[in-house]
file query_14.txt (compact mmCIF, C-alpha atoms (C1' of nucleotides))
# COMPACT_ATOMS: atom_id res chain seq x y z
CA MET A 27 33.46 33.03 3.84
CA ARG A 28 33.41 32.82 0.12
CA GLY A 29 33.63 29.43 -1.46
CA ARG A 30 35.87 28.51 -4.30
CA ASN A 31 33.21 29.04 -6.87
CA GLU A 32 32.29 32.69 -6.76
CA GLY A 33 30.85 33.89 -10.01
CA MET A 34 30.09 30.43 -11.30
CA GLY A 35 26.86 29.82 -9.46
CA PRO A 36 25.87 26.97 -7.21
CA TRP A 37 27.67 23.67 -7.22
CA TRP A 38 24.98 21.82 -9.10
CA HIS A 39 24.81 24.12 -12.15
CA GLY A 40 27.71 22.31 -13.69
CA ARG A 41 26.11 18.94 -13.17
CA PHE A 42 22.92 20.13 -14.74
CA ARG A 43 24.56 21.73 -17.73
CA GLY A 44 26.69 18.67 -18.18
CA CYS A 45 23.54 16.62 -18.61
CA GLY A 46 22.02 19.10 -21.04
CA TYR A 47 19.49 20.48 -18.59
CA ARG A 48 18.70 24.16 -18.35
CA ILE A 49 19.06 26.18 -15.20
CA THR A 50 15.78 27.68 -14.04
CA ALA A 51 14.65 29.65 -11.05
CA GLY A 52 12.41 26.79 -9.97
CA ARG A 53 15.23 24.29 -10.05
CA ASP A 54 17.47 26.70 -8.21
CA ALA A 55 14.87 27.04 -5.50
CA ILE A 56 14.30 23.30 -5.22
CA LEU A 57 18.00 22.59 -4.89
CA ASP A 58 18.23 25.40 -2.39
CA VAL A 59 15.54 23.84 -0.23
CA LEU A 60 17.04 20.39 -0.54
CA THR A 61 20.48 21.61 0.39
CA ARG A 62 19.15 23.41 3.41
CA ALA A 63 16.95 20.53 4.60
CA ASN A 64 18.49 17.88 6.74
CA LYS A 65 15.44 15.70 6.81
CA HIS A 66 13.82 13.55 4.19
CA LEU A 67 11.02 15.58 2.66
CA SER A 68 7.96 14.59 0.69
CA ALA A 69 7.29 16.20 -2.67
CA GLU A 70 4.63 18.32 -1.07
CA ASP A 71 6.94 19.38 1.76
CA ILE A 72 9.38 20.53 -0.85
CA TYR A 73 6.67 22.21 -2.87
CA LEU A 74 5.52 24.22 0.14
CA LYS A 75 8.99 25.28 1.15
CA VAL A 76 9.90 26.24 -2.39
CA HIS A 77 6.62 28.03 -2.79
CA SER A 78 7.48 30.40 0.04
CA ILE A 79 10.72 31.35 -1.69
CA TYR A 80 9.48 31.20 -5.25
CA PRO A 81 5.69 31.32 -5.38
CA ALA A 82 5.51 30.69 -9.11
CA ILE A 83 6.58 27.07 -8.63
CA GLY A 84 4.15 24.32 -9.54
CA LEU A 85 3.86 20.93 -7.91
CA THR A 86 4.37 19.29 -11.27
CA SER A 87 7.76 20.91 -11.63
CA VAL A 88 8.76 19.71 -8.22
CA TYR A 89 8.01 16.14 -9.22
CA ARG A 90 9.78 16.56 -12.52
CA THR A 91 12.87 18.05 -10.98
CA LEU A 92 13.02 15.42 -8.28
CA GLU A 93 12.87 12.72 -10.89
CA ILE A 94 15.75 14.27 -12.77
CA LEU A 95 17.76 14.67 -9.61
CA ALA A 96 17.13 11.09 -8.63
CA ASP A 97 18.16 9.91 -12.07
CA MET A 98 21.37 11.92 -11.82
CA GLY A 99 22.02 10.41 -8.43
CA LEU A 100 21.97 13.77 -6.66
CA VAL A 101 18.87 12.86 -4.73
CA LEU A 102 17.75 9.64 -3.06
CA LYS A 103 14.13 8.61 -3.11
CA PHE A 104 12.74 6.61 -0.21
CA ASP A 105 9.54 4.82 0.61
CA PHE A 106 8.76 4.59 4.29
CA GLY A 107 5.44 2.91 3.77
CA ASP A 108 3.09 5.82 4.33
CA GLY A 109 2.12 6.21 0.72
CA ARG A 110 4.27 9.14 -0.22
CA ALA A 111 7.87 9.18 -1.37
CA ARG A 112 10.57 11.03 0.55
CA TYR A 113 13.57 12.69 -0.94
CA GLU A 114 16.91 13.69 0.41
CA LEU A 115 20.06 15.02 -1.11
CA ALA A 116 22.60 12.28 -1.63
CA GLU A 117 25.59 12.69 0.59
CA GLY A 118 27.98 15.41 -0.31
CA SER A 119 26.64 18.54 1.23
CA LYS A 120 25.92 18.39 4.93
CA SER A 121 24.37 14.97 5.17
CA SER A 122 26.54 12.00 5.85
CA HIS A 123 25.71 8.51 4.75
CA HIS A 124 23.06 6.99 6.94
CA HIS A 125 20.38 4.34 7.01
CA HIS A 126 16.85 4.40 8.33
CA LEU A 127 14.95 2.93 11.21
CA VAL A 128 11.23 3.08 10.52
CA CYS A 129 8.49 2.76 13.11
CA THR A 130 5.61 0.83 11.61
CA GLY A 131 3.34 2.20 14.29
CA CYS A 132 3.66 5.96 13.87
CA ASN A 133 5.85 6.18 10.78
CA ARG A 134 8.57 7.98 12.66
CA VAL A 135 11.91 7.63 10.93
CA ILE A 136 15.25 7.72 12.67
CA ASP A 137 18.44 8.25 10.71
CA TYR A 138 21.30 6.31 12.17
CA THR A 139 24.94 6.38 11.33
CA ASP A 140 26.09 3.82 13.86
CA PHE A 141 27.25 0.57 12.33
CA ILE A 142 27.27 2.31 9.00
CA ASP A 143 30.93 1.64 8.35
CA GLU A 144 30.60 -2.06 8.91
CA GLU A 145 27.43 -2.16 6.88
CA VAL A 146 28.88 -0.21 4.01
CA GLU A 147 31.94 -2.39 3.97
CA LEU A 148 29.83 -5.52 3.71
CA LEU A 149 27.57 -3.92 1.15
CA LYS A 150 30.54 -3.06 -1.02
CA ARG A 151 31.64 -6.64 -1.03
CA THR A 152 28.14 -7.89 -1.68
CA GLU A 153 27.68 -5.38 -4.47
CA LYS A 154 30.81 -6.58 -6.13
CA GLY A 155 29.71 -10.18 -5.91
CA LEU A 156 26.22 -9.47 -7.17
CA SER A 157 27.43 -7.27 -10.00
CA ASP A 158 29.66 -10.04 -11.25
CA LYS A 159 27.24 -12.90 -10.81
CA TYR A 160 24.12 -11.26 -12.17
CA ASN A 161 25.80 -8.83 -14.51
CA PHE A 162 24.14 -5.85 -12.87
CA ARG A 163 25.55 -2.35 -12.76
CA ILE A 164 24.63 -1.56 -9.15
CA THR A 165 24.25 2.12 -8.42
CA ASN A 166 22.60 2.18 -5.08
CA HIS A 167 21.49 0.24 -2.07
CA LEU A 168 18.78 0.50 0.48
CA ILE A 169 18.84 -0.72 4.04
CA GLN A 170 15.99 -0.11 6.39
CA PHE A 171 14.96 -1.62 9.68
CA TYR A 172 11.32 -1.80 10.63
CA GLY A 173 9.86 -2.10 14.07
CA LEU A 174 8.05 -0.28 16.81
CA CYS A 175 9.47 2.71 18.60
CA ASP A 176 9.27 2.79 22.38
CA LYS A 177 5.97 4.66 22.42
CA CYS A 178 4.25 2.43 19.90
CA ALA A 179 5.63 -0.70 21.52
CA LYS A 180 3.99 0.30 24.77
CA LYS A 181 0.64 0.94 23.10
CA LYS A 182 0.46 -2.21 21.04
CA GLY A 183 2.78 -4.75 22.52
CA GLY A 184 1.03 -5.85 25.66
CA GLU A 185 1.20 -3.94 28.96
CA MET B 18 1.51 -38.00 1.06
CA ARG B 19 -0.44 -36.88 4.04
CA GLY B 20 1.10 -34.29 6.25
CA ARG B 21 1.18 -34.40 9.98
CA ASN B 22 -1.89 -32.27 10.32
CA GLU B 23 -4.70 -34.18 8.72
CA GLY B 24 -8.03 -33.14 10.03
CA MET B 25 -6.82 -29.88 11.50
CA GLY B 26 -6.75 -27.81 8.34
CA PRO B 27 -3.97 -25.77 6.86
CA TRP B 28 -0.99 -24.61 8.91
CA TRP B 29 -2.15 -21.03 9.13
CA HIS B 30 -5.58 -21.73 10.66
CA GLY B 31 -4.05 -21.92 14.07
CA ARG B 32 -2.24 -18.64 13.65
CA PHE B 33 -5.43 -16.95 12.53
CA ARG B 34 -7.55 -18.33 15.30
CA GLY B 35 -4.90 -17.46 17.79
CA CYS B 36 -5.22 -13.83 16.77
CA GLY B 37 -8.99 -13.92 16.94
CA TYR B 38 -9.52 -13.90 13.19
CA ARG B 39 -12.12 -16.02 11.51
CA ILE B 40 -11.38 -18.55 8.83
CA THR B 41 -13.11 -17.79 5.57
CA ALA B 42 -13.06 -19.27 2.10
CA GLY B 43 -11.51 -16.08 0.72
CA ARG B 44 -8.68 -16.14 3.21
CA ASP B 45 -8.12 -19.82 2.53
CA ALA B 46 -7.83 -19.10 -1.15
CA ILE B 47 -5.48 -16.18 -0.65
CA LEU B 48 -3.17 -18.19 1.55
CA ASP B 49 -3.36 -21.01 -0.92
CA VAL B 50 -2.21 -18.75 -3.74
CA LEU B 51 0.52 -17.20 -1.63
CA THR B 52 1.81 -20.57 -0.54
CA ARG B 53 1.91 -21.80 -4.08
CA ALA B 54 3.53 -18.67 -5.51
CA ASN B 55 7.26 -18.42 -5.40
CA LYS B 56 7.39 -14.89 -6.73
CA HIS B 57 6.45 -11.58 -5.18
CA LEU B 58 2.94 -10.78 -6.35
CA SER B 59 1.02 -7.54 -6.51
CA ALA B 60 -2.38 -7.30 -4.88
CA GLU B 61 -3.97 -7.50 -8.29
CA ASP B 62 -1.91 -10.55 -9.24
CA ILE B 63 -3.18 -12.22 -6.14
CA TYR B 64 -6.72 -11.08 -6.76
CA LEU B 65 -6.70 -12.56 -10.26
CA LYS B 66 -5.23 -15.85 -9.17
CA VAL B 67 -7.62 -16.16 -6.27
CA HIS B 68 -10.50 -15.15 -8.48
CA SER B 69 -9.93 -18.15 -10.70
CA ILE B 70 -10.17 -20.47 -7.68
CA TYR B 71 -12.81 -18.56 -5.78
CA PRO B 72 -14.65 -16.12 -8.04
CA ALA B 73 -16.60 -14.52 -5.23
CA ILE B 74 -13.46 -12.83 -3.91
CA GLY B 75 -13.31 -9.04 -3.95
CA LEU B 76 -10.23 -6.92 -4.38
CA THR B 77 -10.99 -5.19 -1.12
CA SER B 78 -10.76 -8.45 0.76
CA VAL B 79 -7.44 -9.20 -0.83
CA TYR B 80 -6.05 -5.91 0.45
CA ARG B 81 -7.56 -6.45 3.86
CA THR B 82 -6.21 -9.95 4.19
CA LEU B 83 -2.77 -8.94 3.01
CA GLU B 84 -2.66 -6.22 5.60
CA ILE B 85 -3.57 -8.66 8.33
CA LEU B 86 -0.99 -11.14 7.10
CA ALA B 87 1.67 -8.46 6.99
CA ASP B 88 0.79 -7.35 10.50
CA MET B 89 1.06 -10.92 11.71
CA GLY B 90 4.41 -11.22 10.03
CA LEU B 91 3.29 -14.04 7.76
CA VAL B 92 3.69 -11.92 4.67
CA LEU B 93 6.31 -9.39 3.65
CA LYS B 94 5.33 -6.29 1.74
CA PHE B 95 7.80 -4.76 -0.69
CA ASP B 96 8.05 -1.64 -2.77
CA PHE B 97 10.10 -2.00 -5.90
CA GLY B 98 9.42 1.49 -7.09
CA ASP B 99 6.82 0.82 -9.76
CA GLY B 100 3.90 2.18 -7.81
CA ARG B 101 2.39 -1.04 -6.58
CA ALA B 102 3.25 -3.08 -3.54
CA ARG B 103 4.41 -6.68 -3.80
CA TYR B 104 3.76 -9.40 -1.32
CA GLU B 105 5.42 -12.66 -0.55
CA LEU B 106 5.03 -15.23 2.14
CA ALA B 107 7.63 -14.81 4.83
CA GLU B 108 10.04 -17.68 4.94
CA GLY B 109 8.77 -20.90 6.31
CA SER B 110 7.09 -22.67 3.46
CA LYS B 111 9.16 -23.10 0.33
CA SER B 112 10.83 -19.73 0.16
CA SER B 113 14.15 -19.24 1.82
CA HIS B 114 15.36 -15.93 3.11
CA HIS B 115 16.54 -13.75 0.27
CA HIS B 116 17.12 -10.15 -0.70
CA HIS B 117 16.32 -8.27 -3.86
CA LEU B 118 18.22 -6.80 -6.75
CA VAL B 119 16.03 -4.28 -8.57
CA CYS B 120 16.63 -3.00 -12.09
CA THR B 121 15.68 0.66 -12.22
CA GLY B 122 15.44 0.41 -15.99
CA CYS B 123 12.89 -2.32 -16.51
CA ASN B 124 11.80 -3.04 -12.93
CA ARG B 125 12.98 -6.60 -13.13
CA VAL B 126 13.63 -8.05 -9.71
CA ILE B 127 16.12 -10.77 -8.95
CA ASP B 128 15.97 -12.67 -5.71
CA TYR B 129 19.40 -13.57 -4.47
CA THR B 130 20.45 -15.76 -1.62
CA ASP B 131 24.20 -15.42 -2.10
CA PHE B 132 25.90 -13.46 0.66
CA ILE B 133 22.72 -13.76 2.66
CA ASP B 134 24.37 -15.49 5.56
CA GLU B 135 26.99 -12.82 5.98
CA GLU B 136 24.39 -10.11 5.57
CA VAL B 137 22.01 -11.64 8.02
CA GLU B 138 24.76 -12.10 10.54
CA LEU B 139 25.71 -8.43 10.32
CA LEU B 140 22.08 -7.38 10.36
CA LYS B 141 21.50 -9.32 13.55
CA ARG B 142 24.33 -7.49 15.24
CA THR B 143 23.16 -4.15 13.90
CA GLU B 144 19.60 -4.86 14.96
CA LYS B 145 20.76 -5.60 18.46
CA GLY B 146 22.74 -2.39 18.63
CA LEU B 147 19.96 -0.28 17.20
CA SER B 148 17.32 -1.83 19.42
CA ASP B 149 19.33 -0.98 22.48
CA LYS B 150 20.39 2.49 21.47
CA TYR B 151 17.09 3.73 20.08
CA ASN B 152 14.82 1.56 22.16
CA PHE B 153 13.16 0.09 19.11
CA ARG B 154 11.57 -3.33 18.89
CA ILE B 155 12.88 -4.29 15.48
CA THR B 156 10.76 -6.84 13.66
CA ASN B 157 12.07 -6.73 10.17
CA HIS B 158 14.68 -5.46 7.80
CA LEU B 159 14.89 -4.57 4.18
CA ILE B 160 17.91 -4.75 1.94
CA GLN B 161 17.70 -3.99 -1.72
CA PHE B 162 20.25 -3.17 -4.35
CA TYR B 163 19.34 -0.94 -7.25
CA GLY B 164 20.99 -0.74 -10.59
CA LEU B 165 20.71 -1.61 -14.23
CA CYS B 166 20.49 -5.15 -15.49
CA ASP B 167 22.67 -6.13 -18.42
CA LYS B 168 20.04 -5.32 -21.02
CA CYS B 169 19.17 -1.91 -19.61
CA ALA B 170 22.82 -1.07 -19.07
CA LYS B 171 23.44 -1.62 -22.76
CA LYS B 172 20.55 0.58 -23.79
CA LYS B 173 21.23 3.48 -21.49
CA GLY B 174 24.81 3.37 -20.43
CA GLY B 175 26.71 4.44 -23.52
CA GLU B 176 27.87 1.87 -26.12
C1' DC C 18 21.76 42.52 -28.03
C1' DT C 19 18.10 40.11 -30.65
C1' DC C 20 16.05 36.32 -32.25
C1' DA C 21 14.71 31.58 -32.97
C1' DT C 22 14.78 27.17 -31.09
C1' DT C 23 13.16 24.26 -27.91
C1' DA C 24 13.35 22.76 -23.06
C1' DT C 25 10.57 23.95 -19.25
C1' DT C 26 6.66 25.44 -16.93
C1' DG C 27 2.18 25.34 -14.26
C1' DG C 28 -2.60 24.30 -14.00
C1' DA C 29 -6.15 21.25 -14.77
C1' DA C 30 -7.48 16.83 -15.75
C1' DA C 31 -6.45 11.98 -15.79
C1' DT C 32 -4.52 7.92 -13.75
C1' DG C 33 -4.27 4.11 -10.81
C1' DG C 34 -3.27 1.80 -6.55
C1' DT C 35 -5.34 1.60 -2.20
C1' DT C 36 -8.84 2.65 1.29
C1' DC C 37 -13.45 3.75 2.90
C1' DC C 38 -18.38 2.98 3.42
C1' DC C 39 -22.16 0.19 4.32
C1' DA C 40 -25.79 -3.03 3.66
C1' DT C 41 -25.47 -8.01 3.29
C1' DT C 42 -23.53 -12.44 4.47
C1' DA C 43 -20.94 -15.89 6.88
C1' DT C 44 -18.35 -17.60 10.93
C1' DC C 45 -18.35 -19.43 15.30
C1' DA C 46 -19.41 -19.92 20.22
C1' DA C 47 -23.13 -21.08 23.17
C1' DT D 4 -30.12 -23.58 15.74
C1' DT D 5 -29.29 -19.15 16.73
C1' DG D 6 -27.46 -14.68 17.94
C1' DA D 7 -23.57 -11.58 18.06
C1' DT D 8 -20.54 -9.68 15.22
C1' DA D 9 -16.53 -10.27 12.12
C1' DA D 10 -15.96 -10.35 7.29
C1' DT D 11 -17.40 -9.44 2.72
C1' DG D 12 -17.66 -7.13 -1.91
C1' DG D 13 -18.79 -3.51 -4.91
C1' DG D 14 -18.67 1.08 -5.82
C1' DA D 15 -17.31 5.48 -4.51
C1' DA D 16 -13.77 8.16 -2.40
C1' DC D 17 -9.01 9.23 -1.79
C1' DC D 18 -4.74 11.02 -2.92
C1' DA D 19 0.03 10.84 -4.58
C1' DT D 20 1.81 11.05 -8.92
C1' DT D 21 1.51 11.65 -14.20
C1' DT D 22 -0.11 13.33 -18.29
C1' DC D 23 -1.43 16.92 -21.44
C1' DC D 24 -0.83 21.15 -23.58
C1' DA D 25 -0.63 25.96 -24.55
C1' DA D 26 2.26 29.60 -22.65
C1' DT D 27 6.82 30.92 -21.16
C1' DA D 28 11.64 31.31 -20.50
C1' DA D 29 16.65 29.66 -21.08
C1' DT D 30 20.13 29.23 -24.25
C1' DG D 31 23.09 29.46 -28.32
C1' DA D 32 23.71 31.51 -32.83
C1' DG D 33 24.27 35.44 -35.41
call {"tool": "encode", "arguments": {"input": "query_14.txt", "output": "structure tokens"}}
result
Amino acid sequence: MRGRNEGMGPWWHGRFRGCGYRITAGRDAILDVLTRANKHLSAEDIYLKVHSIYPAIGLTSVYRTLEILADMGLVLKFDFGDGRARYELAEGSKSSHHHHLVCTGCNRVIDYTDFIDEEVELLKRTEKGLSDKYNFRITNHLIQFYGLCDKCAKKKGGE
Amino acid sequence: MRGRNEGMGPWWHGRFRGCGYRITAGRDAILDVLTRANKHLSAEDIYLKVHSIYPAIGLTSVYRTLEILADMGLVLKFDFGDGRARYELAEGSKSSHHHHLVCTGCNRVIDYTDFIDEEVELLKRTEKGLSDKYNFRITNHLIQFYGLCDKCAKKKGGE
DNA sequence: CTCATTATTGGAAATGGTTCCCATTATCAA
DNA sequence: TTGATAATGGGAACCATTTCCAATAATGAG
């Protein structure tokens, strides 16, 4: 039952301290929500969930913390085209590496893990090539497919 | 000098008419700017450029036209993370298919065409698989790499 | 443990890209 | 030419995200 880190707090405390950031109740709560969530959440989603655990939280702090987390690479920030950013914990906890399939009709997002291995393998090679050629330190990649889900295809696409 | 379509107007008139849209001076000017541009432009960039050709244009019309163009697949809309969307003509005119390398430090964007063939080949296969499995009609894909360009890497990344 | 330093906070206001509204104008088919 | 109506543009509305700042809380030193 007990993990290997009893007495030393959650896994991310070390990361935070290592970067000179303080541990606060708000940040604890945000990380808690993110760890629990298995979907990509908007800042407001996160704010609401955190608020029910820790009502003193402010939306501003949510944004600030998410920015820090994204900078540290603990959180990935996505844009699915509906005007608000989505956040999800970078792989490590529950979530495995996946990419997104976005319906441009209803904004539904499907996480897929199929083909991921092949994709990641190619991406690694491409990353290497690009890093060398353009002298970039690549830290991340984004792959998304856009299209219409079955429902939206029926509505719009003829028939 | 003369193209093969003298007398019948620009290439996109047909596409527009085919979709039931009217041809207007503003739309002409917007397409003109987009065709000329070889970079991804923001809506405001486009507005300013069009404004110098056709001062009567309004920003609202630029947004409206871009949305139509994106829906028709003539224009691709990108988010590079700086809070404003970028648009570029889908391949066909000058531009060849490319992907983007985005510097998270200074927001510089590099278009690259290296590795594209391999990537596109894999993407095609993946698209096929995803379409079948999730019953999606995939119309588009997005690949971007994020990282720090040489300059930003020097500033931030130690040294 | 206490204190001082200073990062962090939350609320309200500001920002800024994008969309909405609507009276006016322009396109296009007949 | 004309009528139906799509398209326009300007300003206001919208809304996610940032900024500002005085109050608060986390941390390290003593």
call {"tool": "residues_around", "arguments": {"input": "query_14.txt", "residues": "DT20 of chain D", "least_positions_apart": "5", "cutoff": "12 Å", "atoms": "only C-alpha atoms (C1' of nucleotides)", "output": "list of chain:residue names"}}
result
A:Ser68, A:Ala69, A:Glu70, A:Leu85, A:Thr86, A:Ser87, A:Val88, A:Tyr89, A:Arg90, A:Glu93, A:Gly109, A:Arg110, A:Ala111, B:Asp99, B:Gly100, C:DA31, C:DT32, C:DG33, C:DG34
call {"tool": "atom_distance", "arguments": {"input": "query_14.txt", "atom1": "atom CA of Gly75 of chain B", "atom2": "atom C1' of DA7 of chain D"}}
result
24.4 Å
call {"tool": "closest_residue", "arguments": {"input": "query_14.txt", "among": "A:Leu156, A:Ala51, A:Ile142, A:Cys178", "to": "chain D", "atoms": "all atoms listed in the file"}}
result
A:Ala51
call {"tool": "closest_atom_pairs", "arguments": {"input": "query_14.txt", "of": "chain D", "to": "chain B", "cutoff": "12 Å", "atoms": "all atoms listed in the file", "output": "JSON lines"}}
result
{"residue": "D:DT8", "atom": "C1'", "partner": "B:Arg39", "partner_atom": "CA", "distance": 11.2}
{"residue": "D:DA9", "atom": "C1'", "partner": "B:Arg39", "partner_atom": "CA", "distance": 7.3}
{"residue": "D:DA10", "atom": "C1'", "partner": "B:Arg39", "partner_atom": "CA", "distance": 8.0}
{"residue": "D:DT11", "atom": "C1'", "partner": "B:Ser78", "partner_atom": "CA", "distance": 7.0}
{"residue": "D:DG12", "atom": "C1'", "partner": "B:Gly75", "partner_atom": "CA", "distance": 5.2}
{"residue": "D:DG13", "atom": "C1'", "partner": "B:Gly75", "partner_atom": "CA", "distance": 7.8}
{"residue": "D:DG14", "atom": "C1'", "partner": "B:Thr77", "partner_atom": "CA", "distance": 11.0}
{"residue": "D:DA19", "atom": "C1'", "partner": "B:Gly100", "partner_atom": "CA", "distance": 10.0}
{"residue": "D:DT20", "atom": "C1'", "partner": "B:Gly100", "partner_atom": "CA", "distance": 9.2}
{"residue": "D:DT21", "atom": "C1'", "partner": "B:Gly100", "partner_atom": "CA", "distance": 11.7}
call {"tool": "write_last_selection", "arguments": {"input": "query_14.txt", "atoms": "C-alpha atoms (C1' of nucleotides)", "output": "PDB file, in the frame of the given file"}}
result
ATOM      1  C1'  DT D   8     -20.540  -9.680  15.220  1.00  0.00           C
ATOM      2  C1'  DA D   9     -16.530 -10.270  12.120  1.00  0.00           C
ATOM      3  C1'  DA D  10     -15.960 -10.350   7.290  1.00  0.00           C
ATOM      4  C1'  DT D  11     -17.400  -9.440   2.720  1.00  0.00           C
ATOM      5  C1'  DG D  12     -17.660  -7.130  -1.910  1.00  0.00           C
ATOM      6  C1'  DG D  13     -18.790  -3.510  -4.910  1.00  0.00           C
ATOM      7  C1'  DG D  14     -18.670   1.080  -5.820  1.00  0.00           C
ATOM      8  C1'  DA D  19       0.030  10.840  -4.580  1.00  0.00           C
ATOM      9  C1'  DT D  20       1.810  11.050  -8.920  1.00  0.00           C
ATOM     10  C1'  DT D  21       1.510  11.650 -14.200  1.00  0.00           C
TER      11       DT D  21
END
call {"tool": "residues_around", "arguments": {"input": "query_14.txt", "residues": "segment 60-62 of chain A", "least_positions_apart": "6", "cutoff": "12 Å", "atoms": "all atoms listed in the file", "output": "PyMOL selection string"}}
result
chain A and resi 36-38+53-54+68-69+71-73+75-76+88+91-92+95+100-102+112-121
call {"tool": "atom_distance", "arguments": {"input": "query_14.txt", "atom1": "atom CA of Ser78 of chain A", "atom2": "atom C1' of DT22 of chain D"}}
result
26.2 Å
call {"tool": "interface_residues", "arguments": {"input": "query_14.txt", "of": "chain C", "to": "chain A", "cutoff": "9 Å", "atoms": "all atoms listed in the file", "output": "list in words"}}
result
DA24, DT25, DT26, DG27 and DG28 of chain C
call {"tool": "interface_residues", "arguments": {"input": "query_14.txt", "of": "chain B", "to": "chain A", "cutoff": "10 Å", "atoms": "only C-alpha atoms", "output": "VMD selection string"}}
result
chain B and resid 88 94 to 98 100 102 118 to 121 127 129 131 to 133 135 to 136 139 to 140 142 to 144 146 to 148 150 to 170 174
call {"tool": "write_last_selection", "arguments": {"input": "query_14.txt", "atoms": "C-alpha atoms", "output": "CSV table (one decimal), keeping the file's coordinate frame"}}
result
chain,number,residue,atom,x,y,z
B,88,ASP,CA,0.8,-7.4,10.5
B,94,LYS,CA,5.3,-6.3,1.7
B,95,PHE,CA,7.8,-4.8,-0.7
B,96,ASP,CA,8.0,-1.6,-2.8
B,97,PHE,CA,10.1,-2.0,-5.9
B,98,GLY,CA,9.4,1.5,-7.1
B,100,GLY,CA,3.9,2.2,-7.8
B,102,ALA,CA,3.2,-3.1,-3.5
B,118,LEU,CA,18.2,-6.8,-6.8
B,119,VAL,CA,16.0,-4.3,-8.6
B,120,CYS,CA,16.6,-3.0,-12.1
B,121,THR,CA,15.7,0.7,-12.2
B,127,ILE,CA,16.1,-10.8,-9.0
B,129,TYR,CA,19.4,-13.6,-4.5
B,131,ASP,CA,24.2,-15.4,-2.1
B,132,PHE,CA,25.9,-13.5,0.7
B,133,ILE,CA,22.7,-13.8,2.7
B,135,GLU,CA,27.0,-12.8,6.0
B,136,GLU,CA,24.4,-10.1,5.6
B,139,LEU,CA,25.7,-8.4,10.3
B,140,LEU,CA,22.1,-7.4,10.4
B,142,ARG,CA,24.3,-7.5,15.2
B,143,THR,CA,23.2,-4.2,13.9
B,144,GLU,CA,19.6,-4.9,15.0
B,146,GLY,CA,22.7,-2.4,18.6
B,147,LEU,CA,20.0,-0.3,17.2
B,148,SER,CA,17.3,-1.8,19.4
B,150,LYS,CA,20.4,2.5,21.5
B,151,TYR,CA,17.1,3.7,20.1
B,152,ASN,CA,14.8,1.6,22.2
B,153,PHE,CA,13.2,0.1,19.1
B,154,ARG,CA,11.6,-3.3,18.9
B,155,ILE,CA,12.9,-4.3,15.5
B,156,THR,CA,10.8,-6.8,13.7
B,157,ASN,CA,12.1,-6.7,10.2
B,158,HIS,CA,14.7,-5.5,7.8
B,159,LEU,CA,14.9,-4.6,4.2
B,160,ILE,CA,17.9,-4.8,1.9
B,161,GLN,CA,17.7,-4.0,-1.7
B,162,PHE,CA,20.2,-3.2,-4.4
B,163,TYR,CA,19.3,-0.9,-7.2
B,164,GLY,CA,21.0,-0.7,-10.6
B,165,LEU,CA,20.7,-1.6,-14.2
B,166,CYS,CA,20.5,-5.2,-15.5
B,167,ASP,CA,22.7,-6.1,-18.4
B,168,LYS,CA,20.0,-5.3,-21.0
B,169,CYS,CA,19.2,-1.9,-19.6
B,170,ALA,CA,22.8,-1.1,-19.1
B,174,GLY,CA,24.8,3.4,-20.4
call {"tool": "atom_distance", "arguments": {"input": "query_14.txt", "atom1": "atom CA of Asp158 of chain A", "atom2": "atom CA of His116 of chain B"}}
result
16.4 Å
